[in-house]
file structure35.txt (compact mmCIF, C-alpha atoms)
# COMPACT_ATOMS: atom_id res chain seq x y z
CA MET Y 46 0.00 0.00 0.00
CA PRO Y 47 1.35 3.49 -0.81
CA GLN Y 48 3.05 5.18 2.14
CA PRO Y 49 3.76 8.80 1.29
CA ASP Y 50 5.27 9.62 4.67
CA VAL Y 51 8.12 7.11 4.50
CA PRO Y 52 11.35 9.13 4.79
CA ILE Y 53 14.06 9.05 2.14
CA HIS Y 54 17.10 7.18 3.39
CA ASP Y 55 20.71 7.85 2.61
CA ALA Y 56 21.70 4.41 1.30
CA PRO Y 57 23.81 4.66 -1.88
CA ILE Y 58 21.37 3.74 -4.63
CA PHE Y 59 22.13 1.29 -7.42
CA ASP Y 60 19.32 1.57 -9.95
CA ALA Y 61 19.08 -1.88 -11.55
CA ASP Y 62 16.62 -0.73 -14.21
CA SER Y 63 17.34 2.35 -16.30
CA HIS Y 64 17.53 2.92 -20.04
CA MET Y 65 19.15 4.79 -22.88
CA TYR Y 66 17.37 6.15 -25.93
CA GLU Y 67 19.47 5.11 -28.91
CA THR Y 68 20.31 7.46 -31.74
CA ALA Y 69 18.97 6.75 -35.22
CA GLU Y 70 22.28 5.22 -36.33
CA ALA Y 71 22.50 2.75 -33.46
CA LEU Y 72 21.30 -0.23 -35.50
CA THR Y 73 22.86 0.70 -38.81
CA LYS Y 74 26.21 2.46 -38.31
CA TYR Y 75 28.15 -0.79 -37.95
CA LEU Y 76 25.78 -3.09 -39.83
CA PRO Y 77 27.63 -4.92 -42.64
CA GLU Y 78 26.77 -3.77 -46.13
CA GLN Y 79 24.94 -6.97 -47.08
CA TYR Y 80 22.39 -6.34 -44.32
CA ARG Y 81 21.90 -2.58 -44.77
CA GLN Y 82 18.63 -2.88 -46.70
CA ALA Y 83 17.18 -5.18 -44.04
CA VAL Y 84 16.94 -2.36 -41.46
CA GLN Y 85 15.11 0.73 -42.62
CA TYR Y 86 13.46 3.73 -41.00
CA VAL Y 87 10.27 4.37 -42.96
CA GLN Y 88 7.77 7.22 -42.91
CA ILE Y 89 4.11 6.27 -42.40
CA GLY Y 90 2.19 9.53 -42.65
CA ARG Y 91 3.57 11.72 -39.86
CA HIS Y 92 5.13 8.78 -38.04
CA THR Y 93 8.52 7.10 -38.33
CA ARG Y 94 8.67 3.34 -37.96
CA ILE Y 95 11.36 0.66 -38.23
CA ALA Y 96 11.07 -1.98 -40.93
CA ILE Y 97 13.12 -5.15 -40.46
CA ASN Y 98 13.27 -7.57 -43.36
CA GLY Y 99 10.48 -5.64 -45.01
CA ARG Y 100 8.09 -5.87 -42.05
CA ILE Y 101 7.11 -2.70 -40.21
CA THR Y 102 6.96 -2.83 -36.44
CA ASP Y 103 5.20 -0.23 -34.32
CA PHE Y 104 5.96 -1.80 -30.93
CA ILE Y 105 7.94 1.33 -30.08
CA PRO Y 106 5.84 4.31 -31.21
CA ASN Y 107 8.79 6.56 -32.09
CA PRO Y 108 12.03 4.62 -32.70
CA THR Y 109 14.04 7.81 -33.31
CA PHE Y 110 13.23 9.02 -29.78
CA ASP Y 111 13.35 12.63 -30.93
CA ARG Y 112 10.15 13.13 -28.93
CA VAL Y 113 9.29 10.88 -25.99
CA ALA Y 114 6.85 10.62 -23.12
CA ALA Y 115 8.04 12.26 -19.94
CA PRO Y 116 9.63 9.97 -17.35
CA GLY Y 117 6.92 8.54 -15.12
CA ALA Y 118 4.05 9.81 -17.27
CA HIS Y 119 2.16 6.53 -16.81
CA GLU Y 120 2.67 6.33 -13.04
CA LYS Y 121 -1.04 6.48 -12.20
CA PHE Y 122 -1.84 3.65 -14.62
CA PHE Y 123 0.74 1.28 -13.19
CA ALA Y 124 -0.04 2.31 -9.63
CA GLY Y 125 -3.66 1.27 -10.22
CA ASP Y 126 -4.82 4.83 -9.67
CA ASN Y 127 -6.40 5.47 -13.06
CA THR Y 128 -9.71 6.66 -11.65
CA GLU Y 129 -10.52 8.69 -14.79
CA GLY Y 130 -10.16 5.69 -17.10
CA LEU Y 131 -7.53 7.33 -19.30
CA THR Y 132 -5.60 5.46 -21.96
CA LEU Y 133 -1.82 5.42 -21.76
CA ARG Y 134 -1.66 7.86 -24.65
CA GLU Y 135 -4.08 10.25 -22.94
CA MET Y 136 -2.21 9.94 -19.68
CA GLN Y 137 1.23 10.78 -21.03
CA GLY Y 138 0.32 14.30 -22.15
CA LYS Y 139 2.56 16.33 -24.41
CA ALA Y 140 5.73 14.66 -25.67
CA ILE Y 141 9.07 16.12 -24.67
CA GLU Y 142 12.54 16.12 -26.18
CA ALA Y 143 14.50 13.09 -25.02
CA PRO Y 144 16.43 14.07 -21.87
CA ALA Y 145 20.14 14.55 -22.51
CA ALA Y 146 20.83 11.93 -19.83
CA THR Y 147 19.26 9.28 -22.07
CA ARG Y 148 21.51 10.12 -25.00
CA ASN Y 149 25.08 10.08 -23.67
CA PRO Y 150 27.04 8.96 -20.59
CA GLU Y 151 28.37 12.37 -19.58
CA ASP Y 152 24.88 13.77 -19.08
CA ARG Y 153 23.72 10.54 -17.48
CA VAL Y 154 26.30 10.92 -14.71
CA VAL Y 155 25.12 14.48 -14.11
CA GLU Y 156 21.56 13.17 -13.84
CA LEU Y 157 22.60 10.36 -11.50
CA ASP Y 158 24.15 12.94 -9.20
CA ARG Y 159 20.95 14.97 -9.28
CA GLN Y 160 18.84 11.87 -8.58
CA GLY Y 161 21.06 10.73 -5.73
CA VAL Y 162 21.94 7.50 -7.56
CA ARG Y 163 25.48 6.14 -7.39
CA GLU Y 164 25.40 3.45 -10.11
CA CYS Y 165 22.92 2.11 -12.63
CA LEU Y 166 22.37 -0.61 -15.17
CA ASN Y 167 21.66 1.07 -18.50
CA TYR Y 168 19.64 -0.97 -20.98
CA PRO Y 169 19.03 -0.26 -24.65
CA THR Y 170 15.42 0.45 -25.65
CA LEU Y 171 15.37 -0.47 -29.36
CA ALA Y 172 16.72 -3.94 -28.60
CA SER Y 173 13.29 -4.87 -27.25
CA LEU Y 174 11.96 -5.11 -30.80
CA VAL Y 175 15.01 -6.19 -32.83
CA GLU Y 176 15.24 -9.82 -31.79
CA HIS Y 177 11.49 -10.30 -32.08
CA SER Y 178 11.26 -8.73 -35.53
CA ALA Y 179 14.35 -10.42 -37.00
CA ALA Y 180 13.88 -13.84 -35.38
CA ASP Y 181 13.13 -15.64 -38.64
CA ASP Y 182 16.61 -14.76 -39.94
CA PRO Y 183 19.20 -15.82 -37.33
CA GLU Y 184 22.16 -14.46 -39.32
CA LEU Y 185 20.51 -11.05 -39.62
CA THR Y 186 19.63 -11.07 -35.93
CA LEU Y 187 23.23 -11.76 -34.94
CA ALA Y 188 24.47 -9.03 -37.32
CA ILE Y 189 22.08 -6.37 -35.97
CA ILE Y 190 22.85 -7.23 -32.36
CA HIS Y 191 26.60 -7.07 -32.97
CA ALA Y 192 26.19 -3.71 -34.74
CA LEU Y 193 24.20 -2.37 -31.79
CA ASN Y 194 26.83 -3.62 -29.35
CA GLN Y 195 29.54 -1.88 -31.38
CA TRP Y 196 27.57 1.36 -31.35
CA MET Y 197 26.94 1.04 -27.61
CA LEU Y 198 30.63 0.52 -26.93
CA GLU Y 199 31.56 3.60 -28.96
CA HIS Y 200 28.76 5.84 -27.73
CA TRP Y 201 28.35 4.80 -24.08
CA THR Y 202 31.22 2.39 -23.28
CA TYR Y 203 30.20 -0.62 -21.20
CA ALA Y 204 31.26 0.73 -17.81
CA TYR Y 205 31.39 4.53 -17.90
CA GLN Y 206 33.27 5.79 -14.82
CA ASP Y 207 32.26 2.50 -13.17
CA ARG Y 208 28.87 4.11 -12.59
CA VAL Y 209 26.88 3.60 -15.80
CA PHE Y 210 26.97 -0.08 -16.69
CA SER Y 211 25.50 -0.36 -20.18
CA THR Y 212 24.35 -3.82 -21.16
CA PRO Y 213 25.46 -5.28 -24.49
CA ILE Y 214 23.17 -7.97 -25.85
CA ILE Y 215 23.84 -11.62 -26.55
CA ASN Y 216 21.53 -13.44 -28.93
CA CYS Y 217 21.58 -17.20 -28.46
CA ALA Y 218 20.07 -18.28 -31.79
CA GLU Y 219 23.39 -19.82 -32.80
CA VAL Y 220 25.70 -21.22 -30.12
CA ASP Y 221 29.00 -20.29 -31.75
CA GLY Y 222 27.66 -16.83 -32.56
CA ALA Y 223 26.68 -16.32 -28.92
CA ARG Y 224 30.15 -17.42 -27.83
CA ARG Y 225 31.78 -14.98 -30.27
CA GLU Y 226 29.61 -12.12 -29.02
CA LEU Y 227 30.43 -12.99 -25.43
CA GLU Y 228 34.14 -12.93 -26.24
CA TYR Y 229 33.77 -9.57 -28.01
CA ILE Y 230 31.97 -7.82 -25.16
CA LEU Y 231 34.31 -9.27 -22.52
CA ASP Y 232 37.33 -8.11 -24.52
CA ASN Y 233 35.81 -4.63 -24.48
CA GLY Y 234 35.15 -4.39 -20.77
CA ALA Y 235 31.52 -5.50 -20.37
CA LYS Y 236 30.49 -6.01 -16.75
CA VAL Y 237 27.02 -7.42 -17.49
CA ALA Y 238 25.08 -8.66 -20.52
CA LEU Y 239 21.46 -8.75 -21.62
CA ILE Y 240 19.59 -11.80 -22.94
CA LYS Y 241 15.98 -11.80 -24.13
CA PRO Y 242 13.79 -14.10 -22.01
CA ALA Y 243 12.40 -16.14 -24.89
CA PRO Y 244 13.09 -19.14 -27.08
CA VAL Y 245 15.40 -18.55 -30.01
CA LYS Y 246 15.20 -19.63 -33.63
CA GLY Y 247 18.38 -21.20 -34.93
CA LEU Y 248 19.47 -23.97 -37.27
CA HIS Y 249 17.21 -26.48 -35.54
CA GLY Y 250 14.13 -24.30 -35.33
CA TRP Y 251 12.70 -22.76 -32.19
CA ARG Y 252 14.20 -23.97 -28.93
CA SER Y 253 15.08 -22.96 -25.41
CA PRO Y 254 18.56 -21.47 -24.93
CA ALA Y 255 18.76 -23.59 -21.76
CA LEU Y 256 18.91 -26.92 -23.60
CA PRO Y 257 22.19 -28.88 -23.29
CA GLU Y 258 23.21 -27.94 -26.83
CA PHE Y 259 23.83 -24.40 -25.50
CA ASP Y 260 26.13 -25.62 -22.72
CA PRO Y 261 29.34 -24.41 -24.43
CA PHE Y 262 27.98 -20.87 -24.24
CA TRP Y 263 26.84 -21.12 -20.62
CA ARG Y 264 30.16 -22.72 -19.68
CA ASP Y 265 31.92 -19.66 -21.10
CA VAL Y 266 29.57 -17.33 -19.20
CA GLU Y 267 30.17 -19.13 -15.91
CA ALA Y 268 33.92 -19.14 -16.42
CA SER Y 269 33.90 -15.40 -17.12
CA GLY Y 270 31.78 -14.58 -14.06
CA LEU Y 271 29.66 -12.25 -16.20
CA PRO Y 272 26.18 -11.63 -14.73
CA ILE Y 273 23.24 -11.99 -17.12
CA VAL Y 274 20.06 -9.89 -17.09
CA LEU Y 275 16.76 -11.17 -18.48
CA HIS Y 276 14.94 -7.92 -19.17
CA ALA Y 277 11.35 -7.62 -20.39
CA SER Y 278 11.18 -7.33 -24.16
CA GLN Y 279 8.64 -7.48 -26.96
CA PRO Y 280 6.60 -10.53 -25.91
CA PRO Y 281 7.18 -13.68 -27.95
CA LEU Y 282 3.52 -14.71 -27.60
CA ASP Y 283 2.04 -12.16 -30.03
CA GLU Y 284 1.08 -14.80 -32.58
CA TYR Y 285 -0.77 -16.77 -29.92
CA VAL Y 286 -2.72 -13.73 -28.74
CA ASN Y 287 -3.52 -12.85 -32.36
CA LYS Y 288 -5.55 -16.05 -32.50
CA TRP Y 289 -7.82 -14.64 -29.79
CA GLU Y 290 -8.33 -11.12 -31.12
CA PRO Y 291 -7.43 -9.14 -34.25
CA PRO Y 292 -3.83 -7.93 -34.26
CA ASN Y 293 -4.85 -4.33 -34.91
CA THR Y 294 -1.76 -3.02 -33.14
CA LYS Y 295 1.30 -4.24 -31.30
CA ASN Y 296 2.06 -0.79 -29.91
CA PHE Y 297 2.18 -1.34 -26.16
CA MET Y 298 0.38 1.95 -25.52
CA ALA Y 299 -2.70 0.76 -27.42
CA MET Y 300 -2.91 -2.86 -26.32
CA SER Y 301 -6.32 -4.20 -25.34
CA SER Y 302 -7.06 -5.34 -21.80
CA PHE Y 303 -7.16 -8.94 -23.03
CA ARG Y 304 -3.70 -8.61 -24.57
CA TRP Y 305 -2.35 -7.23 -21.29
CA LEU Y 306 -4.00 -10.16 -19.48
CA ALA Y 307 -2.87 -12.89 -21.85
CA LEU Y 308 0.70 -11.72 -22.30
CA GLY Y 309 1.25 -11.16 -18.60
CA HIS Y 310 4.75 -12.28 -17.66
CA ARG Y 311 4.66 -15.78 -19.07
CA GLU Y 312 7.93 -15.30 -20.93
CA ILE Y 313 10.06 -14.73 -17.81
CA SER Y 314 8.42 -17.59 -15.94
CA ASP Y 315 9.03 -19.94 -18.86
CA MET Y 316 12.62 -18.73 -19.34
CA ILE Y 317 13.61 -19.27 -15.73
CA GLY Y 318 11.59 -22.47 -15.60
CA SER Y 319 13.58 -23.68 -18.59
CA LEU Y 320 16.91 -22.73 -17.00
CA ILE Y 321 15.90 -24.89 -14.02
CA CYS Y 322 14.02 -27.78 -15.69
CA HIS Y 323 16.47 -28.14 -18.57
CA GLY Y 324 19.27 -28.20 -16.00
CA THR Y 325 21.41 -25.22 -17.02
CA LEU Y 326 21.56 -23.82 -13.50
CA THR Y 327 22.48 -27.22 -12.08
CA ARG Y 328 25.19 -27.86 -14.63
CA PHE Y 329 26.53 -24.32 -14.10
CA PRO Y 330 25.71 -23.45 -10.47
CA ASP Y 331 27.81 -20.28 -10.40
CA LEU Y 332 25.72 -18.42 -13.00
CA ARG Y 333 24.20 -15.17 -11.80
CA ILE Y 334 20.87 -14.38 -13.50
CA ALA Y 335 18.60 -11.39 -12.86
CA SER Y 336 15.00 -10.79 -13.88
CA VAL Y 337 14.40 -7.09 -14.48
CA GLU Y 338 11.17 -5.27 -15.36
CA ASN Y 339 9.23 -8.53 -15.35
CA GLY Y 340 7.47 -7.88 -12.05
CA SER Y 341 7.20 -10.51 -9.34
CA SER Y 342 3.63 -11.85 -9.47
CA TRP Y 343 4.83 -14.86 -11.49
CA ILE Y 344 7.14 -16.13 -8.74
CA HIS Y 345 4.54 -17.69 -6.43
CA PRO Y 346 2.84 -19.69 -9.23
CA LEU Y 347 6.22 -20.85 -10.56
CA PHE Y 348 7.36 -21.94 -7.10
CA HIS Y 349 4.06 -23.79 -6.61
CA ASP Y 350 4.40 -25.61 -9.94
CA LEU Y 351 8.06 -26.50 -9.42
CA ALA Y 352 7.34 -27.90 -5.95
CA ASP Y 353 4.45 -29.93 -7.36
CA LEU Y 354 6.59 -31.30 -10.20
CA THR Y 355 9.35 -32.25 -7.78
CA ARG Y 356 6.91 -34.45 -5.87
CA LYS Y 357 5.65 -36.06 -9.08
CA MET Y 358 8.94 -36.33 -11.00
CA PRO Y 359 11.78 -36.31 -8.45
CA GLN Y 360 14.04 -38.14 -10.90
CA ASN Y 361 14.03 -35.03 -13.13
CA PHE Y 362 15.42 -32.74 -10.43
CA PRO Y 363 18.91 -33.57 -9.14
CA GLU Y 364 18.56 -30.50 -6.91
CA ASP Y 365 15.56 -28.91 -5.25
CA PRO Y 366 14.42 -26.44 -7.98
CA LEU Y 367 13.40 -23.84 -5.41
CA ASP Y 368 16.89 -23.93 -3.91
CA VAL Y 369 18.31 -23.55 -7.42
CA PHE Y 370 16.15 -20.46 -7.98
CA ARG Y 371 17.23 -18.96 -4.66
CA ARG Y 372 20.89 -19.63 -5.41
CA ASN Y 373 21.05 -18.29 -8.95
CA ILE Y 374 18.24 -15.77 -9.52
CA TRP Y 375 17.96 -12.10 -8.51
CA VAL Y 376 14.66 -10.25 -9.06
CA SER Y 377 13.91 -6.56 -9.54
CA PRO Y 378 10.17 -6.22 -8.91
CA PHE Y 379 8.02 -3.52 -10.41
CA TRP Y 380 8.08 -0.36 -8.33
CA GLU Y 381 4.30 -0.74 -7.96
CA GLY Y 382 4.67 -4.44 -7.12
CA SER Y 383 5.44 -6.19 -3.88
CA VAL Y 384 8.94 -6.40 -2.50
CA ALA Y 385 7.54 -8.75 0.15
CA ASP Y 386 6.54 -11.30 -2.51
CA VAL Y 387 10.13 -11.60 -3.62
CA VAL Y 388 11.55 -11.73 -0.11
CA GLU Y 389 9.16 -14.47 1.00
CA THR Y 390 10.11 -16.70 -1.91
CA VAL Y 391 13.56 -15.79 -3.19
CA GLY Y 392 15.19 -14.18 -0.17
CA TRP Y 393 16.12 -10.71 0.98
CA ASP Y 394 19.58 -10.72 -0.58
CA LYS Y 395 18.14 -11.41 -4.07
CA VAL Y 396 15.77 -8.44 -4.45
CA MET Y 397 16.98 -5.32 -6.30
CA PHE Y 398 15.61 -1.81 -6.77
CA GLY Y 399 14.83 -0.51 -10.24
CA SER Y 400 13.10 2.72 -11.34
CA ASP Y 401 12.78 2.12 -15.14
CA TYR Y 402 13.98 5.71 -15.74
CA PRO Y 403 13.31 7.40 -18.17
CA HIS Y 404 10.41 5.34 -19.50
CA PRO Y 405 6.86 6.60 -18.97
CA GLU Y 406 5.95 3.40 -17.10
CA GLY Y 407 8.79 4.01 -14.66
CA LEU Y 408 9.20 6.48 -11.83
CA PRO Y 409 9.86 10.15 -12.58
CA GLU Y 410 12.41 10.11 -9.77
CA PRO Y 411 14.09 6.92 -8.45
CA LYS Y 412 13.64 8.03 -4.86
CA GLY Y 413 9.91 8.19 -5.56
CA PHE Y 414 9.94 4.50 -4.70
CA TRP Y 415 9.41 5.48 -1.10
CA LYS Y 416 5.75 6.25 -1.83
CA TYR Y 417 5.31 2.54 -2.47
CA ALA Y 418 7.76 1.18 0.09
CA GLU Y 419 7.04 -1.82 2.31
CA GLY Y 420 8.86 -2.38 5.57
CA MET Y 421 11.85 -0.38 4.42
CA ASP Y 422 13.73 0.26 7.64
CA ASP Y 423 17.34 1.36 7.57
CA ARG Y 424 18.81 -2.14 7.66
CA ARG Y 425 16.77 -3.30 4.67
CA THR Y 426 17.32 -0.12 2.71
CA TRP Y 427 21.04 -0.69 2.15
CA ASP Y 428 20.50 -4.07 0.54
CA PHE Y 429 17.39 -3.41 -1.52
CA MET Y 430 18.33 0.04 -2.80
CA GLY Y 431 21.88 -0.85 -3.74
CA ASP Y 432 23.95 -3.63 -2.24
CA ASN Y 433 21.98 -6.56 -3.64
CA ALA Y 434 22.58 -5.21 -7.14
CA ARG Y 435 26.26 -4.81 -6.28
CA ARG Y 436 26.35 -8.44 -5.15
CA PHE Y 437 24.77 -9.45 -8.44
CA MET Y 438 27.36 -7.43 -10.34
CA GLY Y 439 30.26 -8.71 -8.23
CA LEU Y 440 31.06 -5.19 -6.98
CA PRO Y 441 32.06 -4.15 -3.44
CA ILE Y 442 29.04 -3.48 -1.26
CA ALA Y 443 28.47 -0.06 0.29
CA ASN Y 444 27.03 -1.02 3.66
CA PRO Y 445 29.71 -0.71 6.33
CA ASP Y 446 27.82 -3.24 8.48
CA PRO Y 447 26.51 -5.88 6.06
CA ASP Y 448 25.49 -8.33 8.79
CA ALA Y 449 23.03 -5.77 10.11
CA ALA Y 450 21.44 -5.38 6.69
CA ARG Y 451 20.02 -8.89 6.52
CA PRO Y 452 17.18 -9.32 9.03
CA PRO Y 453 16.05 -12.91 9.62
CA ALA Y 454 12.51 -12.18 8.38
CA PHE Y 455 10.62 -9.56 6.41
CA ALA Y 456 7.87 -7.64 8.14
CA THR Y 457 5.54 -5.30 6.30
CA VAL Y 458 4.54 -2.06 7.95
call {"tool": "encode", "arguments": {"input": "structure35.txt", "output": "structure tokens"}}
result
Amino acid sequence: MPQPDVPIHDAPIFDADSHMYETAEALTKYLPEQYRQAVQYVQIGRHTRIAINGRITDFIPNPTFDRVAAPGAHEKFFAGDNTEGLTLREMQGKAIEAPAATRNPEDRVVELDRQGVRECLNYPTLASLVEHSAADDPELTLAIIHALNQWMLEHWTYAYQDRVFSTPIINCAEVDGARRELEYILDNGAKVALIKPAPVKGLHGWRSPALPEFDPFWRDVEASGLPIVLHASQPPLDEYVNKWEPPNTKNFMAMSSFRWLALGHREISDMIGSLICHGTLTRFPDLRIASVENGSSWIHPLFHDLADLTRKMPQNFPEDPLDVFRRNIWVSPFWEGSVADVVETVGWDKVMFGSDYPHPEGLPEPKGFWKYAEGMDDRRTWDFMGDNARRFMGLPIANPDPDAARPPAFATV
């Protein structure tokens, strides 16, 4: 329940969910000549869209990001406070110029100082549609992702002043390609990488990237110690939902209530379920995986189903799957969600703060989380607002008394 009187604490904040707005050349500047025609910006009336392999996608309303919704514009919608029944488009009001902090690392650091944030994970925005739109052509997908990673390295670097940790992407459609991309980003200083929580289409058709055939890649990841983020992306279930209602738009701001309901967060549940059931996290127990911007409401049902399956099929689980989850998975819940849900299931040291700045569905100010805080006393603040993300990243923690930051139980206020 919202608690507007909760005071702002002084814990050094690590924002585990923030974004860049890419420039128009991000996908194309380093794209090899043979793929140049496969990625086009096209004009549809007054609107600019991206066409990949000749198919226009409008999942992101303005892929140039010259005008964007203000940070936090959709706060009332996601807080469940939309008493006027406004659409997302009506709620966001007049578009603004993309904040300078979303366009380059120098201005982002200035903004972090203003926000009172010490470090952040900085995710691309366009990547959320690339892998979905190019999935039928694995070679093209790998080429676009590598081009974007090259642009990100040049434009942002992967660890600017050890404060802005931008997240290059690894596409797992082809095992050797994923291994090459991993080697490239590690050679260029990546501290974290981003993988889409979805099946991939490779030489053998659609499959989970957690199947044993992908073990050479995961073995490399474990050996490198690189943490992996599974961030929400364009949902892979669009074709399924299109069987229930006409696909009149895939623009997230105009989705029907049924599409919101049906899409839910099935992709993250299935991805982590696959990492556990297909044995990746048992074969490679030192992997560090984080779910970001996927909420937390899926955790209880997944835990219930895994516990039930363990009783029915114990021979399929060499380890307790719930223990595997708690060992390997960090979760950044929605700001409007329940921190307590994560703590009760996953554990206090595996829950991370994220604001989703500068997206309209995020918070206008990271410290605005305190309006929605649950049980956030001083001891818990250090871990949730920063140190758990530092543990995930393998960075030194900030709390001078870490033993005091882990209470034996979580109590809501």
call {"tool": "closest_residue", "arguments": {"input": "structure35.txt", "among": "Y:Asp365, Y:Asp315, Y:Asp221, Y:Asp207", "to": "Y:Pro441", "atoms": "all atoms listed in the file"}}
result
Y:Asp207
call {"tool": "residues_around", "arguments": {"input": "structure35.txt", "residues": "Y:Pro272", "least_positions_apart": "2", "cutoff": "10 Å", "atoms": "all atoms listed in the file", "output": "MDAnalysis selection string"}}
result
chainID Y and resid 235:239 266:267 269:270 274 331:335 437:439
call {"tool": "residues_around", "arguments": {"input": "structure35.txt", "residues": "Y:Val391", "least_positions_apart": "2", "cutoff": "10 Å", "atoms": "all atoms listed in the file", "output": "PyMOL selection string"}}
result
chain Y and resi 344-345+348+367-368+370-376+385-389+393-396
call {"tool": "atom_distance", "arguments": {"input": "structure35.txt", "atom1": "atom CA of Y:Arg264", "atom2": "atom CA of Y:Ala243"}}
result
19.6 Å
call {"tool": "atom_distance", "arguments": {"input": "structure35.txt", "atom1": "atom CA of Y:Pro169", "atom2": "atom CA of Y:Thr147"}}
result
9.9 Å
call {"tool": "residues_around", "arguments": {"input": "structure35.txt", "residues": "Y:Leu408", "least_positions_apart": "6", "cutoff": "8 Å", "atoms": "only C-alpha atoms", "output": "NGL selection string"}}
result
:Y and (116-117 or 120 or 380 or 400-402 or 414)
call {"tool": "closest_residue", "arguments": {"input": "structure35.txt", "among": "Y:Pro378, Y:Pro261, Y:Pro244, Y:Pro183", "to": "Y:Leu227", "atoms": "all atoms listed in the file"}}
result
Y:Pro261
call {"tool": "residues_around", "arguments": {"input": "structure35.txt", "residues": "Y:Phe262", "least_positions_apart": "4", "cutoff": "12 Å", "atoms": "all atoms listed in the file", "output": "count of residues only"}}
result
27
call {"tool": "closest_residue", "arguments": {"input": "structure35.txt", "among": "Y:Asp182, Y:Asp283, Y:Asp353, Y:Asp265", "to": "Y:Tyr80", "atoms": "all atoms listed in the file"}}
result
Y:Asp182
call {"tool": "atom_distance", "arguments": {"input": "structure35.txt", "atom1": "atom CA of Y:Tyr66", "atom2": "atom CA of Y:Tyr86"}}
result
15.8 Å
call {"tool": "residues_around", "arguments": {"input": "structure35.txt", "residues": "Y:Asp181", "least_positions_apart": "4", "cutoff": "10 Å", "atoms": "only C-alpha atoms", "output": "count of residues only"}}
result
10
call {"tool": "build_atoms", "arguments": {"input": "structure35.txt", "residues": "stretch 161-172 of chain Y", "atoms": "N, CA and C atoms", "output": "CSV table (one decimal), keeping the file's coordinate frame"}}
result
chain,number,residue,atom,x,y,z
Y,161,GLY,N,20.5,11.4,-6.9
Y,161,GLY,CA,21.1,10.7,-5.7
Y,161,GLY,C,21.3,9.3,-6.0
Y,162,VAL,N,21.7,8.9,-7.2
Y,162,VAL,CA,21.9,7.5,-7.6
Y,162,VAL,C,23.4,7.4,-7.8
Y,163,ARG,N,24.0,6.3,-7.2
Y,163,ARG,CA,25.5,6.1,-7.4
Y,163,ARG,C,25.8,5.4,-8.7
Y,164,GLU,N,25.1,4.3,-8.9
Y,164,GLU,CA,25.4,3.4,-10.1
Y,164,GLU,C,24.1,3.0,-10.7
Y,165,CYS,N,24.1,2.6,-12.0
Y,165,CYS,CA,22.9,2.1,-12.6
Y,165,CYS,C,23.3,1.1,-13.7
Y,166,LEU,N,22.3,0.2,-14.0
Y,166,LEU,CA,22.4,-0.6,-15.2
Y,166,LEU,C,21.6,0.2,-16.2
Y,167,ASN,N,22.2,0.2,-17.4
Y,167,ASN,CA,21.7,1.1,-18.5
Y,167,ASN,C,21.3,0.2,-19.7
Y,168,TYR,N,20.1,-0.1,-19.9
Y,168,TYR,CA,19.6,-1.0,-21.0
Y,168,TYR,C,19.3,-0.2,-22.3
Y,169,PRO,N,19.5,-0.8,-23.4
Y,169,PRO,CA,19.0,-0.3,-24.6
Y,169,PRO,C,17.5,-0.4,-24.7
Y,170,THR,N,16.9,0.5,-25.5
Y,170,THR,CA,15.4,0.4,-25.6
Y,170,THR,C,15.0,-0.2,-27.0
Y,171,LEU,N,15.7,0.1,-28.1
Y,171,LEU,CA,15.4,-0.5,-29.4
Y,171,LEU,C,15.5,-2.0,-29.4
Y,172,ALA,N,16.5,-2.5,-28.6
Y,172,ALA,CA,16.7,-3.9,-28.6
Y,172,ALA,C,15.5,-4.7,-28.3
